[in-house]
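Asker: Handing over input-v9.cif, mmCIF, C-alpha atoms; chains and numbers go by the auth columns.
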```cif
data_final
loop_
_atom_site.group_PDB
_atom_site.id
_atom_site.type_symbol
_atom_site.label_atom_id
_atom_site.label_comp_id
_atom_site.label_asym_id
_atom_site.label_seq_id
_atom_site.Cartn_x
_atom_site.Cartn_y
_atom_site.Cartn_z
_atom_site.B_iso_or_equiv
_atom_site.auth_seq_id
_atom_site.auth_asym_id
ATOM 1 C CA MET A 1 -7.125 11.718 -10.056 0.00 261 A
ATOM 2 C CA SER A 2 -5.532 10.867 -6.732 0.00 262 A
ATOM 3 C CA LYS A 3 -5.233 13.225 -3.791 0.00 263 A
ATOM 4 C CA TYR A 4 -1.608 12.078 -3.517 0.00 264 A
ATOM 5 C CA GLY A 5 1.483 13.250 -5.364 0.00 265 A
ATOM 6 C CA LEU A 6 3.966 10.717 -6.743 0.00 266 A
ATOM 7 C CA ASN A 7 6.294 11.275 -3.773 0.00 267 A
ATOM 8 C CA ASP A 8 3.542 10.308 -1.330 0.00 268 A
ATOM 9 C CA PHE A 9 3.542 6.661 -2.463 0.00 269 A
ATOM 10 C CA VAL A 10 5.640 3.638 -1.610 0.00 270 A
ATOM 11 C CA HIS A 11 6.830 2.543 -5.064 0.00 271 A
ATOM 12 C CA ILE A 12 6.994 -1.199 -5.702 0.00 272 A
ATOM 13 C CA SER A 13 8.396 -2.636 -8.916 0.00 273 A
ATOM 14 C CA VAL A 14 7.588 -6.115 -10.185 0.00 274 A
ATOM 15 C CA THR A 15 9.465 -8.476 -12.433 0.00 275 A
ATOM 16 C CA GLY A 16 8.959 -12.138 -13.197 0.00 276 A
ATOM 17 C CA HIS A 17 8.596 -14.977 -15.623 0.00 277 A
ATOM 18 C CA ARG A 18 5.801 -16.013 -17.931 0.00 278 A
ATOM 19 C CA LEU A 19 3.691 -18.834 -16.558 0.00 279 A
ATOM 20 C CA ASN A 20 4.921 -21.360 -19.123 0.00 280 A
ATOM 21 C CA SER A 21 8.567 -20.676 -18.284 0.00 281 A
ATOM 22 C CA VAL A 22 8.505 -20.773 -14.465 0.00 282 A
ATOM 23 C CA LYS A 23 10.810 -23.569 -13.279 0.00 283 A
ATOM 24 C CA TYR A 24 9.653 -23.829 -9.648 0.00 284 A
ATOM 25 C CA GLY A 25 7.952 -27.119 -10.408 0.00 285 A
ATOM 26 C CA THR A 26 5.077 -26.694 -7.978 0.00 286 A
ATOM 27 C CA ILE A 27 3.208 -23.841 -9.677 0.00 287 A
ATOM 28 C CA PRO A 28 0.288 -25.262 -11.671 0.00 288 A
ATOM 29 C CA LYS A 29 0.233 -24.275 -15.344 0.00 289 A
ATOM 30 C CA ASN A 30 -3.107 -22.520 -14.985 0.00 290 A
ATOM 31 C CA ARG A 31 -3.739 -19.015 -16.363 0.00 291 A
ATOM 32 C CA ASP A 32 -5.748 -18.089 -13.238 0.00 292 A
ATOM 33 C CA TYR A 33 -3.079 -19.087 -10.737 0.00 293 A
ATOM 34 C CA MET A 34 -0.556 -16.236 -11.179 0.00 294 A
ATOM 35 C CA PRO A 35 -3.133 -13.450 -10.677 0.00 295 A
ATOM 36 C CA LEU A 36 -4.262 -15.233 -7.503 0.00 296 A
ATOM 37 C CA ILE A 37 -0.685 -15.292 -6.172 0.00 297 A
ATOM 38 C CA ALA A 38 -0.232 -11.628 -7.112 0.00 298 A
ATOM 39 C CA LYS A 39 -3.486 -10.605 -5.459 0.00 299 A
ATOM 40 C CA THR A 40 -2.617 -12.544 -2.302 0.00 300 A
ATOM 41 C CA ILE A 41 0.796 -10.883 -2.018 0.00 301 A
ATOM 42 C CA LEU A 42 -0.504 -7.370 -2.724 0.00 302 A
ATOM 43 C CA SER A 43 -3.313 -7.910 -0.205 0.00 303 A
ATOM 44 C CA LEU A 44 -0.661 -8.382 2.454 0.00 304 A
ATOM 45 C CA PHE A 45 0.681 -4.905 1.727 0.00 305 A
ATOM 46 C CA VAL A 46 -2.755 -3.319 1.686 0.00 306 A
ATOM 47 C CA ASP A 47 -3.659 -5.040 4.968 0.00 307 A
ATOM 48 C CA GLY A 48 -0.102 -4.845 6.332 0.00 308 A
ATOM 49 C CA ASP A 49 -1.127 -3.978 9.879 0.00 309 A
ATOM 50 C CA GLU A 50 -2.609 -7.464 10.213 0.00 310 A
ATOM 51 C CA ILE A 51 0.605 -9.289 9.287 0.00 311 A
ATOM 52 C CA ASP A 52 2.573 -11.129 11.940 0.00 312 A
ATOM 53 C CA TYR A 53 5.927 -11.118 10.152 0.00 313 A
ATOM 54 C CA LYS A 54 7.518 -13.537 12.604 0.00 314 A
ATOM 55 C CA GLU A 55 4.992 -16.204 11.644 0.00 315 A
ATOM 56 C CA GLN A 56 5.423 -15.845 7.870 0.00 316 A
ATOM 57 C CA PRO A 57 7.566 -18.007 5.564 0.00 317 A
ATOM 58 C CA ALA A 58 11.007 -17.093 4.227 0.00 318 A
ATOM 59 C CA PHE A 59 9.464 -14.626 1.745 0.00 319 A
ATOM 60 C CA TRP A 60 9.314 -12.130 4.616 0.00 320 A
ATOM 61 C CA ASP A 61 12.940 -12.515 5.720 0.00 321 A
ATOM 62 C CA THR A 62 14.085 -9.427 3.794 0.00 322 A
ATOM 63 C CA MET A 63 11.003 -7.338 4.542 0.00 323 A
ATOM 64 C CA PRO A 64 11.585 -5.776 7.975 0.00 324 A
ATOM 65 C CA ASP A 65 14.284 -3.403 6.683 0.00 325 A
ATOM 66 C CA ALA A 66 11.959 -1.952 4.077 0.00 326 A
ATOM 67 C CA MET A 67 8.620 -2.160 5.886 0.00 327 A
ATOM 68 C CA GLY A 68 9.334 1.110 7.671 0.00 328 A
ATOM 69 C CA LYS A 69 9.017 2.849 4.301 0.00 329 A
ATOM 70 C CA PHE A 70 5.371 1.837 4.146 0.00 330 A
ATOM 71 C CA ASP A 71 4.282 3.552 7.361 0.00 331 A
ATOM 72 C CA GLY A 72 0.698 3.972 6.215 0.00 332 A
ATOM 73 C CA LYS A 73 1.606 5.336 2.788 0.00 333 A
ATOM 74 C CA PRO A 74 -0.384 4.226 -0.251 0.00 334 A
ATOM 75 C CA LEU A 75 1.203 1.842 -2.742 0.00 335 A
ATOM 76 C CA MET A 76 2.146 2.555 -6.358 0.00 336 A
ATOM 77 C CA ILE A 77 3.077 -0.511 -8.419 0.00 337 A
ATOM 78 C CA HIS A 78 5.416 -0.315 -11.422 0.00 338 A
ATOM 79 C CA THR A 79 4.947 -3.055 -14.025 0.00 339 A
ATOM 80 C CA GLY A 80 6.556 -3.706 -17.394 0.00 340 A
ATOM 81 C CA MET A 81 3.269 -5.064 -18.781 0.00 341 A
ATOM 82 C CA ALA A 82 4.788 -8.334 -20.008 0.00 342 A
ATOM 83 C CA THR A 83 2.706 -11.496 -20.083 0.00 343 A
ATOM 84 C CA GLY A 84 2.911 -13.598 -16.937 0.00 344 A
ATOM 85 C CA TRP A 85 3.860 -12.055 -13.610 0.00 345 A
ATOM 86 C CA ASP A 86 3.754 -8.385 -14.733 0.00 346 A
ATOM 87 C CA MET A 87 0.260 -8.682 -16.155 0.00 347 A
ATOM 88 C CA SER A 88 -0.920 -10.753 -13.191 0.00 348 A
ATOM 89 C CA VAL A 89 0.187 -8.020 -10.807 0.00 349 A
ATOM 90 C CA ALA A 90 -1.571 -5.378 -12.949 0.00 350 A
ATOM 91 C CA LEU A 91 -4.798 -7.405 -12.776 0.00 351 A
ATOM 92 C CA ALA A 92 -4.403 -7.709 -8.999 0.00 352 A
ATOM 93 C CA CYS A 93 -3.917 -3.937 -8.780 0.00 353 A
ATOM 94 C CA ILE A 94 -7.205 -3.430 -10.609 0.00 354 A
ATOM 95 C CA ASP A 95 -9.021 -5.846 -8.272 0.00 355 A
ATOM 96 C CA LEU A 96 -7.539 -4.210 -5.159 0.00 356 A
ATOM 97 C CA SER A 97 -7.790 -0.591 -6.420 0.00 357 A
ATOM 98 C CA ILE A 98 -4.022 -0.112 -6.158 0.00 358 A
ATOM 99 C CA PRO A 99 -2.667 2.463 -8.623 0.00 359 A
ATOM 100 C CA PHE A 100 -0.019 1.258 -11.031 0.00 360 A
ATOM 101 C CA VAL A 101 2.328 2.666 -13.654 0.00 361 A
ATOM 102 C CA ALA A 102 2.331 0.789 -16.970 0.00 362 A
ATOM 103 C CA HIS A 103 5.846 0.878 -18.430 0.00 363 A
ATOM 104 C CA ILE A 104 5.462 0.154 -22.164 0.00 364 A
ATOM 105 C CA PRO A 105 8.741 -0.876 -23.870 0.00 365 A
ATOM 106 C CA TYR A 106 7.836 0.302 -27.418 0.00 366 A
ATOM 107 C CA GLU A 107 4.944 0.600 -29.833 0.00 367 A
ATOM 108 C CA ASN A 108 3.221 -2.684 -30.748 0.00 368 A
ATOM 109 C CA PHE A 109 5.303 -4.644 -28.235 0.00 369 A
ATOM 110 C CA ASP A 110 2.416 -7.120 -28.026 0.00 370 A
ATOM 111 C CA GLN A 111 2.276 -7.872 -31.753 0.00 371 A
ATOM 112 C CA TYR A 112 3.257 -11.538 -31.363 0.00 372 A
ATOM 113 C CA TRP A 113 1.099 -12.240 -28.318 0.00 373 A
ATOM 114 C CA SER A 114 -1.877 -14.557 -28.355 0.00 374 A
ATOM 115 C CA HIS A 115 -5.347 -13.103 -28.845 0.00 375 A
ATOM 116 C CA ILE A 116 -6.138 -13.808 -25.179 0.00 376 A
ATOM 117 C CA ASP A 117 -3.037 -11.992 -23.905 0.00 377 A
ATOM 118 C CA ARG A 118 -3.720 -9.007 -26.182 0.00 378 A
ATOM 119 C CA SER A 119 -7.290 -8.846 -24.866 0.00 379 A
ATOM 120 C CA ILE A 120 -6.025 -8.857 -21.283 0.00 380 A
ATOM 121 C CA LEU A 121 -3.567 -6.076 -22.123 0.00 381 A
ATOM 122 C CA ALA A 122 -6.333 -3.994 -23.717 0.00 382 A
ATOM 123 C CA HIS A 123 -8.434 -4.406 -20.568 0.00 383 A
ATOM 124 C CA VAL A 124 -5.551 -3.562 -18.210 0.00 384 A
ATOM 125 C CA MET A 125 -4.591 -0.455 -20.196 0.00 385 A
ATOM 126 C CA ASP A 126 -7.896 1.153 -19.181 0.00 386 A
ATOM 127 C CA TYR A 127 -6.650 1.408 -15.578 0.00 387 A
ATOM 128 C CA PRO A 128 -3.080 2.726 -15.163 0.00 388 A
ATOM 129 C CA TYR A 129 -2.511 5.709 -12.920 0.00 389 A
ATOM 130 C CA MET A 130 0.136 6.650 -15.447 0.00 390 A
ATOM 131 C CA THR A 131 1.691 5.221 -18.634 0.00 391 A
ATOM 132 C CA ASN A 132 5.418 5.493 -19.323 0.00 392 A
ATOM 133 C CA TRP A 133 6.450 4.959 -22.956 0.00 393 A
ATOM 134 C CA CYS A 134 10.031 3.757 -22.455 0.00 394 A
ATOM 135 C CA SER A 135 10.967 4.130 -26.125 0.00 395 A
ATOM 136 C CA TYR A 136 9.376 4.481 -29.539 0.00 396 A
ATOM 137 C CA GLY A 137 9.660 2.739 -32.877 0.00 397 A
ATOM 138 C CA GLU A 138 9.894 -0.903 -33.763 0.00 398 A
ATOM 139 C CA SER A 139 10.992 -3.900 -31.705 0.00 399 A
ATOM 140 C CA GLU A 140 14.621 -4.022 -30.585 0.00 400 A
ATOM 141 C CA ASN A 141 15.955 -6.053 -27.640 0.00 401 A
ATOM 142 C CA TRP A 142 17.643 -3.079 -25.965 0.00 402 A
ATOM 143 C CA LYS A 143 14.211 -1.469 -25.567 0.00 403 A
ATOM 144 C CA LEU A 144 13.072 -4.358 -23.363 0.00 404 A
ATOM 145 C CA PHE A 145 16.125 -3.910 -21.136 0.00 405 A
ATOM 146 C CA LYS A 146 15.505 -0.150 -20.974 0.00 406 A
ATOM 147 C CA ARG A 147 11.927 -0.902 -19.901 0.00 407 A
ATOM 148 C CA ASN A 148 13.259 -3.173 -17.139 0.00 408 A
ATOM 149 C CA LYS A 149 15.434 -0.341 -15.806 0.00 409 A
ATOM 150 C CA ASP A 150 12.540 2.130 -16.020 0.00 410 A
ATOM 151 C CA VAL A 151 10.341 -0.238 -14.004 0.00 411 A
ATOM 152 C CA ILE A 152 12.962 -0.676 -11.272 0.00 412 A
ATOM 153 C CA HIS A 153 14.381 2.855 -11.155 0.00 413 A
ATOM 154 C CA ASP A 154 13.552 4.833 -7.992 0.00 414 A
ATOM 155 C CA THR A 155 11.316 2.162 -6.471 0.00 415 A
ATOM 156 C CA ASP A 156 11.499 1.209 -2.807 0.00 416 A
ATOM 157 C CA VAL A 157 11.322 -2.549 -3.272 0.00 417 A
ATOM 158 C CA CYS A 158 10.992 -5.129 -6.069 0.00 418 A
ATOM 159 C CA ILE A 159 8.606 -8.087 -5.857 0.00 419 A
ATOM 160 C CA ALA A 160 9.941 -10.825 -8.126 0.00 420 A
ATOM 161 C CA LEU A 161 8.827 -14.197 -9.378 0.00 421 A
ATOM 162 C CA HIS A 162 12.294 -15.451 -10.303 0.00 422 A
ATOM 163 C CA ASP A 163 13.440 -19.041 -10.372 0.00 423 A
ATOM 164 C CA GLY A 164 17.136 -18.204 -10.250 0.00 424 A
ATOM 165 C CA ARG A 165 18.031 -18.614 -13.926 0.00 425 A
ATOM 166 C CA GLU A 166 20.817 -16.211 -14.814 0.00 426 A
ATOM 167 C CA MET A 167 19.464 -15.118 -18.174 0.00 427 A
ATOM 168 C CA GLY A 168 16.630 -13.108 -19.678 0.00 428 A
ATOM 169 C CA GLY A 169 14.651 -10.044 -18.711 0.00 429 A
ATOM 170 C CA THR A 170 13.744 -11.087 -15.178 0.00 430 A
ATOM 171 C CA ASP A 171 17.370 -11.760 -14.291 0.00 431 A
ATOM 172 C CA HIS A 172 18.383 -8.452 -15.914 0.00 432 A
ATOM 173 C CA ALA A 173 15.804 -6.551 -13.847 0.00 433 A
ATOM 174 C CA ILE A 174 16.913 -8.234 -10.613 0.00 434 A
ATOM 175 C CA LYS A 175 20.587 -7.489 -11.274 0.00 435 A
ATOM 176 C CA TYR A 176 19.685 -3.865 -11.947 0.00 436 A
ATOM 177 C CA ALA A 177 17.686 -3.700 -8.691 0.00 437 A
ATOM 178 C CA ILE A 178 20.673 -5.127 -6.793 0.00 438 A
ATOM 179 C CA SER A 179 22.964 -2.524 -8.396 0.00 439 A
ATOM 180 C CA GLN A 180 20.568 0.185 -7.159 0.00 440 A
ATOM 181 C CA ASN A 181 20.388 -1.279 -3.612 0.00 441 A
ATOM 182 C CA ILE A 182 16.659 -1.984 -3.986 0.00 442 A
ATOM 183 C CA PRO A 183 15.462 -4.888 -1.790 0.00 443 A
ATOM 184 C CA ILE A 184 14.099 -7.844 -3.719 0.00 444 A
ATOM 185 C CA TRP A 185 11.311 -10.025 -2.361 0.00 445 A
ATOM 186 C CA ASN A 186 11.200 -13.225 -4.342 0.00 446 A
#
```
As structure tokens, what does this structure read like?

Answerer:
Amino acid sequence: MSKYGLNDFVHISVTGHRLNSVKYGTIPKNRDYMPLIAKTILSLFVDGDEIDYKEQPAFWDTMPDAMGKFDGKPLMIHTGMATGWDMSVALACIDLSIPFVAHIPYENFDQYWSHIDRSILAHVMDYPYMTNWCSYGESENWKLFKRNKDVIHDTDVCIALHDGREMGGTDHAIKYAISQNIPIWN
């Protein structure tokens, strides 16, 4: 168990698309690519004192306002455990020894996933700092939206992989973050 209490962390939520649905056009359709992006981004937070924000691309434009919250505090990532970006960030957390909260939408939420994705989930579920069961029972769409709110709620910033489409879970999570005045880094 950690020497820190939950209030000692900077809480970062994540939301994003599945690899096969990202519409950026330049992201290769390779299963290994998203975890690499996630690990690279999280490494910047872990090694934040080495970042020259003025020399970074537009991703950093919204960061200075929230960077003061970091001030040497450890990170706690909140992920909804969906395939794609959420799972990639969870894998990066494992590699970088960053604690994360696994927000599970409902029992057997992975029942229609591929064997590979279910295996990855089983591996990742050995590592959460904490697991939040957002709801119980069978699959219902509202439970996915509740999970999105649980992931975002009370975090300091949201790291998104969002291509701008105004539909679906990623868009829902981003709109909720905006309504809660949580900065979004996309």

Asker: Between A:Met336, A:Met390, A:Ile444, A:Met427, which one has atoms that come closest to Asn267 of chain A, using all atoms listed in the file?

Answerer: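 Closest to Asn267 of chain A, using all atoms listed in the file: A:Met336.
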
Asker: Can you pull out the residues contacting segment 440-442 of chain A? Cut-off 8 Å, using all atoms listed in the file, and skip same-chain residues under 4 positions away; I want them as a VMD selection string.

Answerer: chain A and resid 413 415 to 418 436

Asker: Give me, as a PyMOL selection string, all polymer residues having an atom no more than 9 Å from Asp268 of chain A, counting all atoms listed in the file and skipping those fewer than 6 positions away in the same chain.

Answerer: chain A and resi 333-335

Asker: Skip Ile358 of chain A itself and residues of its chain fewer than 2 positions away, then list as a VMD selection string all residues within 8 Å of it, counting only C-alpha atoms.

Answerer: chain A and resid 335 to 337 353 to 356 360

Asker: When you draw a straight line from atom CA of Trp445 of chain A to atom CA of Ala342 of chain A, how long is it in Å?

Answerer: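 Result for atom CA of Trp445 of chain A versus atom CA of Ala342 of chain A: 18.9 Å, one decimal.
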
Asker: Quick one: which residues end up in the PyMOL selection byres ((chain A and resi 362-367) around 9) for this structure, as a VMD selection string?

Answerer: chain A and resid 337 to 342 350 360 to 361 368 to 370 385 388 to 400 403 to 408 410 to 411

Asker: What does the file look like for those residues with C-alpha atoms, as a tab-separated table (two decimals), in the frame of the given file?

Answerer:
```tsv
chain	number	residue	atom	x	y	z
A	337	ILE	CA	3.08	-0.51	-8.42
A	338	HIS	CA	5.42	-0.32	-11.42
A	339	THR	CA	4.95	-3.06	-14.02
A	340	GLY	CA	6.56	-3.71	-17.39
A	341	MET	CA	3.27	-5.06	-18.78
A	342	ALA	CA	4.79	-8.33	-20.01
A	350	ALA	CA	-1.57	-5.38	-12.95
A	360	PHE	CA	-0.02	1.26	-11.03
A	361	VAL	CA	2.33	2.67	-13.65
A	368	ASN	CA	3.22	-2.68	-30.75
A	369	PHE	CA	5.30	-4.64	-28.24
A	370	ASP	CA	2.42	-7.12	-28.03
A	385	MET	CA	-4.59	-0.46	-20.20
A	388	PRO	CA	-3.08	2.73	-15.16
A	389	TYR	CA	-2.51	5.71	-12.92
A	390	MET	CA	0.14	6.65	-15.45
A	391	THR	CA	1.69	5.22	-18.63
A	392	ASN	CA	5.42	5.49	-19.32
A	393	TRP	CA	6.45	4.96	-22.96
A	394	CYS	CA	10.03	3.76	-22.46
A	395	SER	CA	10.97	4.13	-26.12
A	396	TYR	CA	9.38	4.48	-29.54
A	397	GLY	CA	9.66	2.74	-32.88
A	398	GLU	CA	9.89	-0.90	-33.76
A	399	SER	CA	10.99	-3.90	-31.70
A	400	GLU	CA	14.62	-4.02	-30.58
A	403	LYS	CA	14.21	-1.47	-25.57
A	404	LEU	CA	13.07	-4.36	-23.36
A	405	PHE	CA	16.12	-3.91	-21.14
A	406	LYS	CA	15.50	-0.15	-20.97
A	407	ARG	CA	11.93	-0.90	-19.90
A	408	ASN	CA	13.26	-3.17	-17.14
A	410	ASP	CA	12.54	2.13	-16.02
A	411	VAL	CA	10.34	-0.24	-14.00
```

Asker: Would you kindly identify which residues have an atom no farther than 7 Å from (8.6, -11.1, -15.8), using all atoms listed in the file and the file's own coordinates, and write them out as a ChimeraX atom specification?

Answerer: /A:275-278,342,344-346,429-430

Asker: Find the distance between atom CA of Ile412 of chain A and atom CA of Ser374 of chain A and write it in Å to one decimal.

Answerer: 26.5 Å

Asker: Can you measure atom CA of Val384 of chain A to atom CA of Ile272 of chain A for me? One decimal in Å is fine.

Answerer: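 Computing it gives 17.9 Å between the two atoms.
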
Asker: Edge lengths and centre in Å to one decimal, as lines of an AutoDock Vina configuration file, is what I'm after for the box along x, y and z that holds all listed atoms of segment 419-426 of chain A once 5 Å is added on each side.

Answerer:
```
center_x = 14.7
center_y = -13.6
center_z = -10.3
size_x = 22.2
size_y = 21.0
size_z = 19.0
```
